[in-house]
>>> print(open('data.tsv').read())   # TSV, C-alpha atoms
chain	number	residue	atom	x	y	z
A	8	MET	CA	12.42	19.88	11.32
A	9	GLU	CA	9.98	19.98	14.24
A	10	GLU	CA	6.34	19.03	13.84
A	11	GLN	CA	4.82	20.49	17.00
A	12	ASN	CA	1.20	20.37	15.85
A	13	THR	CA	1.37	16.86	14.44
A	14	GLU	CA	-0.20	14.02	16.37
A	15	LEU	CA	0.01	11.28	13.75
A	16	TYR	CA	2.11	10.51	10.67
A	17	LEU	CA	0.22	8.61	7.98
A	18	PHE	CA	2.40	6.68	5.54
A	19	ASP	CA	1.82	5.57	1.99
A	20	ILE	CA	4.05	2.58	1.16
A	21	GLU	CA	5.05	2.37	-2.51
A	22	GLY	CA	7.55	5.11	-3.37
A	23	THR	CA	7.43	6.46	0.19
A	24	THR	CA	8.77	3.87	2.63
A	25	THR	CA	9.37	1.13	0.05
A	26	PRO	CA	10.97	1.46	-3.39
A	27	ILE	CA	8.54	1.30	-6.32
A	28	GLU	CA	10.94	-1.21	-7.86
A	29	PHE	CA	10.38	-3.69	-5.01
A	30	VAL	CA	6.62	-3.62	-5.53
A	31	HIS	CA	6.70	-3.85	-9.31
A	32	LYS	CA	9.75	-6.05	-9.83
A	33	VAL	CA	9.46	-8.38	-6.84
A	34	LEU	CA	5.97	-8.50	-5.31
A	35	PHE	CA	3.85	-8.27	-8.45
A	36	PRO	CA	5.89	-10.86	-10.42
A	37	TYR	CA	5.84	-13.19	-7.41
A	38	SER	CA	2.05	-13.08	-7.31
A	39	VAL	CA	1.83	-13.60	-11.09
A	40	GLN	CA	4.05	-16.69	-10.84
A	41	ASN	CA	1.92	-18.12	-8.06
A	42	PHE	CA	-1.65	-17.42	-9.18
A	43	LYS	CA	-2.12	-20.87	-10.72
A	44	PRO	CA	-0.74	-22.84	-7.71
A	45	PHE	CA	-2.88	-20.65	-5.45
A	46	PHE	CA	-6.10	-21.29	-7.36
A	47	SER	CA	-5.29	-24.98	-7.68
A	48	GLU	CA	-4.87	-25.25	-3.91
A	49	THR	CA	-7.87	-23.08	-2.97
A	50	SER	CA	-10.37	-24.34	-5.54
A	51	ALA	CA	-12.89	-24.99	-2.75
A	52	GLU	CA	-13.04	-21.28	-1.93
A	53	THR	CA	-15.70	-20.42	-4.45
A	54	ASN	CA	-16.00	-16.80	-3.26
A	55	PHE	CA	-12.71	-15.97	-5.01
A	56	ALA	CA	-14.02	-17.32	-8.32
A	57	GLU	CA	-17.41	-15.67	-7.92
A	58	GLU	CA	-15.93	-12.25	-7.18
A	59	LEU	CA	-13.43	-12.45	-10.04
A	60	ILE	CA	-16.11	-13.56	-12.49
A	61	LEU	CA	-18.26	-10.63	-11.34
A	62	ALA	CA	-15.30	-8.25	-11.69
A	63	SER	CA	-14.68	-9.48	-15.24
A	64	LYS	CA	-18.06	-8.05	-16.29
A	65	ASN	CA	-16.59	-4.56	-15.82
A	66	GLU	CA	-13.48	-5.26	-17.89
A	67	ASN	CA	-14.55	-4.53	-21.44
A	68	GLU	CA	-11.02	-4.96	-22.78
A	69	TYR	CA	-10.83	-8.52	-21.46
A	70	THR	CA	-12.53	-10.63	-24.11
A	71	GLU	CA	-12.14	-14.09	-22.56
A	72	GLU	CA	-15.01	-15.48	-20.52
A	73	VAL	CA	-13.85	-16.06	-16.94
A	74	SER	CA	-14.75	-19.42	-15.39
A	75	ASN	CA	-13.91	-20.99	-12.03
A	76	SER	CA	-11.04	-23.07	-13.42
A	77	PRO	CA	-7.55	-22.31	-12.04
A	78	GLU	CA	-6.33	-21.56	-15.57
A	79	SER	CA	-9.10	-19.06	-16.32
A	80	LEU	CA	-8.82	-17.31	-12.95
A	81	THR	CA	-5.03	-17.16	-13.32
A	82	GLN	CA	-5.18	-15.52	-16.74
A	83	PHE	CA	-7.71	-12.94	-15.56
A	84	CYS	CA	-5.64	-12.06	-12.49
A	85	LYS	CA	-2.55	-11.67	-14.67
A	86	TYR	CA	-4.54	-9.26	-16.80
A	87	LEU	CA	-5.64	-7.28	-13.73
A	88	VAL	CA	-2.04	-6.99	-12.56
A	89	SER	CA	-0.91	-5.83	-16.01
A	90	LYS	CA	-3.53	-3.06	-15.81
A	91	ASP	CA	-2.56	-2.19	-12.20
A	92	ARG	CA	-6.15	-2.65	-11.05
A	93	LYS	CA	-6.83	-1.88	-7.37
A	94	LEU	CA	-9.64	-4.42	-6.91
A	95	GLY	CA	-10.13	-5.57	-3.35
A	96	ILE	CA	-10.46	-9.23	-4.34
A	97	LEU	CA	-7.18	-9.10	-6.31
A	98	LYS	CA	-5.40	-7.47	-3.36
A	99	GLU	CA	-6.75	-10.15	-1.02
A	100	ILE	CA	-5.50	-12.95	-3.28
A	101	GLN	CA	-2.10	-11.31	-3.70
A	102	GLY	CA	-1.89	-10.82	0.07
A	103	ARG	CA	-2.47	-14.52	0.65
A	104	ILE	CA	0.20	-15.43	-1.91
A	105	TRP	CA	2.71	-12.97	-0.46
A	106	LYS	CA	2.02	-14.22	3.07
A	107	LYS	CA	3.09	-17.70	2.07
A	108	GLY	CA	6.20	-16.28	0.38
A	109	TYR	CA	7.19	-14.18	3.37
A	110	GLU	CA	6.62	-16.99	5.85
A	111	SER	CA	8.67	-19.41	3.75
A	112	GLY	CA	11.54	-16.93	3.51
A	113	GLU	CA	11.23	-16.54	-0.27
A	114	LEU	CA	10.22	-12.90	0.17
A	115	LYS	CA	11.81	-10.19	2.28
A	116	SER	CA	10.72	-6.61	1.79
A	117	THR	CA	12.98	-3.67	1.08
A	118	ILE	CA	12.52	-0.52	3.17
A	119	PHE	CA	14.41	2.75	2.70
A	120	SER	CA	17.17	2.96	5.32
A	121	ASP	CA	15.89	6.19	6.89
A	122	VAL	CA	12.45	4.72	7.67
A	123	PRO	CA	13.27	2.65	10.79
A	124	LEU	CA	15.15	5.58	12.33
A	125	PHE	CA	12.26	7.94	11.65
A	126	LEU	CA	9.75	5.49	13.13
A	127	GLU	CA	11.88	5.27	16.26
A	128	ARG	CA	11.94	9.09	16.51
A	129	ILE	CA	8.16	9.17	16.20
A	130	LYS	CA	7.84	6.65	19.01
A	131	ARG	CA	10.27	8.52	21.27
A	132	SER	CA	8.48	11.81	20.64
A	133	GLY	CA	5.17	10.35	21.80
A	134	LYS	CA	3.55	10.85	18.40
A	135	ARG	CA	1.70	8.17	16.45
A	136	ALA	CA	2.09	6.40	13.11
A	137	ALA	CA	-0.32	4.62	10.77
A	138	VAL	CA	-0.37	3.32	7.19
A	139	TYR	CA	-2.75	4.00	4.28
A	140	SER	CA	-2.07	2.04	1.12
A	141	SER	CA	-4.03	0.62	-1.81
A	142	GLY	CA	-2.63	-2.80	-0.91
A	143	SER	CA	-4.69	-4.86	1.52
A	144	VAL	CA	-4.13	-4.40	5.26
A	145	GLU	CA	-2.70	-7.93	5.37
A	146	ALA	CA	-0.18	-7.07	2.63
A	147	GLN	CA	0.79	-3.88	4.46
A	148	VAL	CA	1.49	-5.76	7.68
A	149	LEU	CA	3.57	-8.35	5.80
A	150	ILE	CA	5.78	-5.67	4.21
A	151	TYR	CA	6.66	-4.18	7.59
A	152	ARG	CA	6.88	-7.45	9.50
A	153	TYR	CA	9.18	-9.29	7.10
A	154	CYS	CA	11.61	-6.59	6.04
A	155	GLU	CA	15.39	-6.35	5.95
A	156	ALA	CA	15.32	-3.98	8.95
A	157	GLY	CA	13.40	-6.44	11.11
A	158	ASP	CA	9.80	-6.30	12.34
A	159	LEU	CA	8.59	-2.69	12.08
A	160	THR	CA	4.93	-3.40	12.83
A	161	VAL	CA	5.52	-2.40	16.47
A	162	TYR	CA	5.64	1.24	15.34
A	163	PHE	CA	2.23	1.36	13.62
A	164	GLU	CA	-1.05	1.55	15.49
A	165	ASN	CA	-3.40	1.30	12.50
A	166	TYR	CA	-3.49	0.17	8.87
A	167	PHE	CA	-5.98	1.40	6.27
A	168	ASP	CA	-6.64	0.16	2.75
A	169	THR	CA	-9.22	1.07	0.12
A	170	ALA	CA	-11.99	-0.32	2.33
A	171	VAL	CA	-12.15	3.26	3.69
A	172	GLY	CA	-12.23	4.61	0.12
A	173	GLY	CA	-9.89	5.48	-2.73
A	174	LYS	CA	-6.65	7.32	-2.03
A	175	LYS	CA	-7.59	10.10	-4.44
A	176	GLU	CA	-10.88	10.80	-2.62
A	177	ALA	CA	-10.99	13.42	0.16
A	178	ALA	CA	-13.69	11.48	2.05
A	179	SER	CA	-11.19	8.65	2.67
A	180	TYR	CA	-8.92	10.90	4.72
A	181	THR	CA	-11.89	12.31	6.63
A	182	LYS	CA	-12.89	8.74	7.57
A	183	ILE	CA	-9.36	7.92	8.68
A	184	ALA	CA	-9.24	10.99	10.91
A	185	GLU	CA	-12.60	10.03	12.41
A	186	LYS	CA	-11.51	6.43	13.04
A	187	LEU	CA	-8.38	7.72	14.78
A	188	SER	CA	-10.37	10.32	16.76
A	189	LEU	CA	-8.09	13.06	15.45
A	190	SER	CA	-8.52	16.43	13.81
A	191	PRO	CA	-7.45	16.14	10.14
A	192	SER	CA	-5.10	19.10	10.65
A	193	SER	CA	-3.10	17.08	13.20
A	194	ILE	CA	-2.29	14.41	10.60
A	195	VAL	CA	0.64	14.55	8.18
A	196	PHE	CA	0.31	12.28	5.14
A	197	PHE	CA	3.41	11.15	3.22
A	198	THR	CA	2.80	10.17	-0.40
A	199	ASP	CA	4.57	10.16	-3.77
A	200	ILE	CA	1.40	11.00	-5.73
A	201	LYS	CA	0.12	14.57	-6.19
A	202	GLU	CA	-3.51	13.51	-6.64
A	203	GLU	CA	-3.41	11.71	-3.29
A	204	ALA	CA	-1.91	14.81	-1.71
A	205	ASP	CA	-4.73	16.87	-3.26
A	206	ALA	CA	-7.37	14.61	-1.72
A	207	ALA	CA	-5.69	14.69	1.69
A	208	PHE	CA	-5.40	18.49	1.54
A	209	GLN	CA	-9.09	18.84	0.68
A	210	ALA	CA	-9.88	16.83	3.82
A	211	GLY	CA	-7.72	19.12	5.96
A	212	VAL	CA	-4.83	16.65	6.29
A	213	ARG	CA	-1.33	18.07	5.70
A	214	PRO	CA	0.36	16.27	2.76
A	215	ILE	CA	4.07	16.01	2.10
A	216	ILE	CA	5.34	14.68	-1.23
A	217	VAL	CA	8.18	12.17	-0.94
A	218	SER	CA	10.57	12.21	-3.89
A	219	ARG	CA	12.50	8.93	-3.85
A	220	PRO	CA	14.82	7.45	-6.50
A	221	GLY	CA	12.66	5.77	-9.13
A	222	ASN	CA	9.49	7.70	-8.28
A	223	HIS	CA	7.40	9.09	-11.12
A	224	PRO	CA	7.58	12.84	-11.84
A	225	GLN	CA	4.60	14.77	-10.48
A	226	ALA	CA	2.70	17.71	-11.92
A	227	GLU	CA	3.48	21.15	-10.48
A	228	HIS	CA	2.19	21.68	-6.95
A	229	ASP	CA	2.77	23.74	-3.80
A	230	TYR	CA	3.16	20.92	-1.27
A	231	PRO	CA	6.36	20.44	0.73
A	232	VAL	CA	8.74	17.95	-0.91
A	233	ILE	CA	11.30	15.80	0.90
A	234	GLN	CA	13.82	13.26	-0.38
A	235	ASN	CA	13.89	11.33	2.91
A	236	PHE	CA	12.75	11.57	6.54
A	237	GLU	CA	16.12	12.51	8.04
A	238	LYS	CA	15.22	16.08	9.07
A	239	ILE	CA	11.79	15.37	10.54
A	240	LEU	CA	11.79	15.22	14.34
A	241	SER	CA	15.58	15.36	14.22
>>> encode(input="data.tsv", output="structure tokens")
Amino acid sequence: MEEQNTELYLFDIEGTTTPIEFVHKVLFPYSVQNFKPFFSETSAETNFAEELILASKNENEYTEEVSNSPESLTQFCKYLVSKDRKLGILKEIQGRIWKKGYESGELKSTIFSDVPLFLERIKRSGKRAAVYSSGSVEAQVLIYRYCEAGDLTVYFENYFDTAVGGKKEAASYTKIAEKLSLSPSSIVFFTDIKEEADAAFQAGVRPIIVSRPGNHPQAEHDYPVIQNFEKILS
């Protein structure tokens, strides 16, 4: 499959280049297990406590009052993870925890086997690659630096997280195109979520749905669907 008009491939991570199972059964539990040690060691960093306490005001279902104690902050973060909240402060804390795990060798990320080969084809073709994920930029870099296939960060020129906006908002993709100095129509976005594809399409970006083992079924749509990257630029 040739992509003559494509200048940049934009990758989601979870369910696209990395199995959903790795994120939910390895990374999330690892952060949950290490929230309390993290807060005990970083108690002087009051901005974490302040931001979490502020965030708790918007969580009507969470009835406990959040304080700056490691125990209270830990319980609230566990709650946020259980609700799959995309809060920037939570992602920053998880990123710091994962960084320590990756650097110690406790964590090593799983990448689908066709991804490194596709990234190499992109590089050889003279095209570009970037990442857009709800996880923090730091967490994105860690996943690709400390993976079973080796350091893949050399293939990506940019990383974007929800600082540019939500992944289900068309304006986010417009901002990414502007930051990359590209026409939206020259960007292909790989995702496993229809609503993200809808937002990208509204911005003029060309979405492709990736259907990997373990991915959630999506509502009916007209976007191209692939099971892997083997036929792109092949």
>>> residues_around(input="data.tsv", residues="segment 230-233 of chain A", least_positions_apart="6", cutoff="12 Å", atoms="only C-alpha atoms", output="number ranges by chain")
A: 8, 23, 195-205, 207-208, 212-220, 239
>>> residues_around(input="data.tsv", residues="segment 38-47 of chain A", least_positions_apart="5", cutoff="12 Å", atoms="all atoms listed in the file", output="PyMOL selection string")
chain A and resi 30-33+52-56+59+74-89+97-109+114+146
>>> atom_distance(input="data.tsv", atom1="atom CA of Ser143 of chain A", atom2="atom CA of Phe35 of chain A")
13.6 Å
>>> residues_around(input="data.tsv", residues="Asp168 of chain A", least_positions_apart="5", cutoff="8 Å", atoms="all atoms listed in the file", output="list in words")
Tyr139, Ser140, Ser141, Gly142, Ser143 and Val144 of chain A
>>> closest_residue(input="data.tsv", among="A:Glu176, A:Glu164, A:Glu113, A:Asp158", to="Ala137 of chain A", atoms="all atoms listed in the file")
A:Glu164
>>> closest_residue(input="data.tsv", among="A:Ala184, A:Leu61, A:Ile150, A:Leu159", to="Leu15 of chain A", atoms="only C-alpha atoms")
A:Ala184
>>> atom_distance(input="data.tsv", atom1="atom CA of Leu126 of chain A", atom2="atom CA of Phe163 of chain A")
8.6 Å
>>> atom_distance(input="data.tsv", atom1="atom CA of Gly133 of chain A", atom2="atom CA of Ile118 of chain A")
22.8 Å
>>> closest_residue(input="data.tsv", among="A:Pro123, A:Gly173, A:Pro191, A:Pro36", to="Val161 of chain A", atoms="all atoms listed in the file")
A:Pro123
>>> axis_aligned_box(input="data.tsv", around="segment 185-203 of chain A", padding_each_side="8 Å", output="lines of an AutoDock Vina configuration file")
center_x = -4.0
center_y = 12.8
center_z = 5.1
size_x = 33.2
size_y = 28.7
size_z = 39.4
>>> closest_residue(input="data.tsv", among="A:Phe29, A:Phe125, A:Gly95, A:Asn67", to="Glu237 of chain A", atoms="only C-alpha atoms")
A:Phe125
>>> build_atoms(input="data.tsv", residues="segment 148-159 of chain A", atoms="all heavy atoms", output="PDB file, in the frame of the given file")
ATOM      1  N   VAL A 148       0.863  -5.198   6.481  1.00  0.00           N
ATOM      2  CA  VAL A 148       1.490  -5.760   7.680  1.00  0.00           C
ATOM      3  C   VAL A 148       2.667  -6.653   7.292  1.00  0.00           C
ATOM      4  O   VAL A 148       3.737  -6.605   7.923  1.00  0.00           O
ATOM      5  CB  VAL A 148       0.458  -6.561   8.505  1.00  0.00           C
ATOM      6  CG1 VAL A 148       1.144  -7.323   9.637  1.00  0.00           C
ATOM      7  CG2 VAL A 148      -0.605  -5.622   9.078  1.00  0.00           C
ATOM      8  N   LEU A 149       2.502  -7.439   6.239  1.00  0.00           N
ATOM      9  CA  LEU A 149       3.570  -8.350   5.800  1.00  0.00           C
ATOM     10  C   LEU A 149       4.827  -7.571   5.393  1.00  0.00           C
ATOM     11  O   LEU A 149       5.944  -7.972   5.721  1.00  0.00           O
ATOM     12  CB  LEU A 149       3.088  -9.205   4.629  1.00  0.00           C
ATOM     13  CG  LEU A 149       2.037 -10.265   4.951  1.00  0.00           C
ATOM     14  CD1 LEU A 149       1.472 -10.862   3.662  1.00  0.00           C
ATOM     15  CD2 LEU A 149       2.620 -11.360   5.832  1.00  0.00           C
ATOM     16  N   ILE A 150       4.636  -6.468   4.668  1.00  0.00           N
ATOM     17  CA  ILE A 150       5.780  -5.670   4.210  1.00  0.00           C
ATOM     18  C   ILE A 150       6.598  -5.185   5.401  1.00  0.00           C
ATOM     19  O   ILE A 150       7.833  -5.226   5.377  1.00  0.00           O
ATOM     20  CB  ILE A 150       5.308  -4.488   3.344  1.00  0.00           C
ATOM     21  CG1 ILE A 150       5.019  -4.973   1.921  1.00  0.00           C
ATOM     22  CG2 ILE A 150       6.344  -3.368   3.321  1.00  0.00           C
ATOM     23  CD1 ILE A 150       4.570  -3.895   0.969  1.00  0.00           C
ATOM     24  N   TYR A 151       5.925  -4.730   6.452  1.00  0.00           N
ATOM     25  CA  TYR A 151       6.660  -4.180   7.590  1.00  0.00           C
ATOM     26  C   TYR A 151       7.108  -5.237   8.595  1.00  0.00           C
ATOM     27  O   TYR A 151       8.030  -4.992   9.365  1.00  0.00           O
ATOM     28  CB  TYR A 151       5.799  -3.118   8.294  1.00  0.00           C
ATOM     29  CG  TYR A 151       5.627  -1.869   7.456  1.00  0.00           C
ATOM     30  CD1 TYR A 151       4.382  -1.485   6.970  1.00  0.00           C
ATOM     31  CD2 TYR A 151       6.730  -1.082   7.128  1.00  0.00           C
ATOM     32  CE1 TYR A 151       4.225  -0.353   6.199  1.00  0.00           C
ATOM     33  CE2 TYR A 151       6.589   0.056   6.357  1.00  0.00           C
ATOM     34  CZ  TYR A 151       5.338   0.420   5.887  1.00  0.00           C
ATOM     35  OH  TYR A 151       5.207   1.540   5.109  1.00  0.00           O
ATOM     36  N   ARG A 152       6.472  -6.400   8.572  1.00  0.00           N
ATOM     37  CA  ARG A 152       6.880  -7.450   9.500  1.00  0.00           C
ATOM     38  C   ARG A 152       8.098  -8.218   8.984  1.00  0.00           C
ATOM     39  O   ARG A 152       8.989  -8.569   9.744  1.00  0.00           O
ATOM     40  CB  ARG A 152       5.722  -8.429   9.748  1.00  0.00           C
ATOM     41  CG  ARG A 152       6.094  -9.619  10.637  1.00  0.00           C
ATOM     42  CD  ARG A 152       4.860 -10.344  11.104  1.00  0.00           C
ATOM     43  NE  ARG A 152       4.099  -9.524  12.035  1.00  0.00           N
ATOM     44  CZ  ARG A 152       2.770  -9.596  12.205  1.00  0.00           C
ATOM     45  NH1 ARG A 152       2.065 -10.441  11.481  1.00  0.00           N
ATOM     46  NH2 ARG A 152       2.178  -8.821  13.089  1.00  0.00           N
ATOM     47  N   TYR A 153       8.106  -8.476   7.683  1.00  0.00           N
ATOM     48  CA  TYR A 153       9.180  -9.290   7.100  1.00  0.00           C
ATOM     49  C   TYR A 153      10.088  -8.427   6.220  1.00  0.00           C
ATOM     50  O   TYR A 153      10.176  -8.620   5.016  1.00  0.00           O
ATOM     51  CB  TYR A 153       8.585 -10.427   6.259  1.00  0.00           C
ATOM     52  CG  TYR A 153       7.779 -11.419   7.051  1.00  0.00           C
ATOM     53  CD1 TYR A 153       6.390 -11.324   7.107  1.00  0.00           C
ATOM     54  CD2 TYR A 153       8.398 -12.461   7.731  1.00  0.00           C
ATOM     55  CE1 TYR A 153       5.630 -12.236   7.830  1.00  0.00           C
ATOM     56  CE2 TYR A 153       7.651 -13.390   8.453  1.00  0.00           C
ATOM     57  CZ  TYR A 153       6.268 -13.266   8.500  1.00  0.00           C
ATOM     58  OH  TYR A 153       5.535 -14.177   9.216  1.00  0.00           O
ATOM     59  N   CYS A 154      10.739  -7.453   6.827  1.00  0.00           N
ATOM     60  CA  CYS A 154      11.610  -6.590   6.040  1.00  0.00           C
ATOM     61  C   CYS A 154      13.060  -6.732   6.498  1.00  0.00           C
ATOM     62  O   CYS A 154      13.347  -7.309   7.544  1.00  0.00           O
ATOM     63  CB  CYS A 154      11.156  -5.135   6.094  1.00  0.00           C
ATOM     64  SG  CYS A 154      11.443  -4.288   7.636  1.00  0.00           S
ATOM     65  N   GLU A 155      13.958  -6.214   5.686  1.00  0.00           N
ATOM     66  CA  GLU A 155      15.390  -6.350   5.950  1.00  0.00           C
ATOM     67  C   GLU A 155      15.791  -5.683   7.266  1.00  0.00           C
ATOM     68  O   GLU A 155      16.788  -6.058   7.878  1.00  0.00           O
ATOM     69  CB  GLU A 155      16.175  -5.742   4.786  1.00  0.00           C
ATOM     70  CG  GLU A 155      15.962  -6.481   3.469  1.00  0.00           C
ATOM     71  CD  GLU A 155      16.386  -5.679   2.262  1.00  0.00           C
ATOM     72  OE1 GLU A 155      16.679  -4.476   2.431  1.00  0.00           O
ATOM     73  OE2 GLU A 155      16.423  -6.246   1.155  1.00  0.00           O
ATOM     74  N   ALA A 156      15.000  -4.703   7.711  1.00  0.00           N
ATOM     75  CA  ALA A 156      15.320  -3.980   8.950  1.00  0.00           C
ATOM     76  C   ALA A 156      14.722  -4.650  10.182  1.00  0.00           C
ATOM     77  O   ALA A 156      14.866  -4.131  11.293  1.00  0.00           O
ATOM     78  CB  ALA A 156      14.812  -2.541   8.845  1.00  0.00           C
ATOM     79  N   GLY A 157      14.055  -5.781   9.998  1.00  0.00           N
ATOM     80  CA  GLY A 157      13.400  -6.440  11.110  1.00  0.00           C
ATOM     81  C   GLY A 157      11.919  -6.124  11.148  1.00  0.00           C
ATOM     82  O   GLY A 157      11.372  -5.531  10.211  1.00  0.00           O
ATOM     83  N   ASP A 158      11.243  -6.502  12.214  1.00  0.00           N
ATOM     84  CA  ASP A 158       9.800  -6.300  12.340  1.00  0.00           C
ATOM     85  C   ASP A 158       9.505  -4.858  12.746  1.00  0.00           C
ATOM     86  O   ASP A 158       9.789  -4.436  13.866  1.00  0.00           O
ATOM     87  CB  ASP A 158       9.254  -7.280  13.390  1.00  0.00           C
ATOM     88  CG  ASP A 158       7.736  -7.234  13.490  1.00  0.00           C
ATOM     89  OD1 ASP A 158       7.108  -6.381  12.829  1.00  0.00           O
ATOM     90  OD2 ASP A 158       7.183  -8.057  14.236  1.00  0.00           O
ATOM     91  N   LEU A 159       8.908  -4.098  11.815  1.00  0.00           N
ATOM     92  CA  LEU A 159       8.590  -2.690  12.080  1.00  0.00           C
ATOM     93  C   LEU A 159       7.125  -2.479  12.453  1.00  0.00           C
ATOM     94  O   LEU A 159       6.712  -1.339  12.677  1.00  0.00           O
ATOM     95  CB  LEU A 159       8.917  -1.833  10.852  1.00  0.00           C
ATOM     96  CG  LEU A 159      10.387  -1.845  10.382  1.00  0.00           C
ATOM     97  CD1 LEU A 159      10.550  -0.938   9.161  1.00  0.00           C
ATOM     98  CD2 LEU A 159      11.320  -1.405  11.503  1.00  0.00           C
TER      99      LEU A 159
END
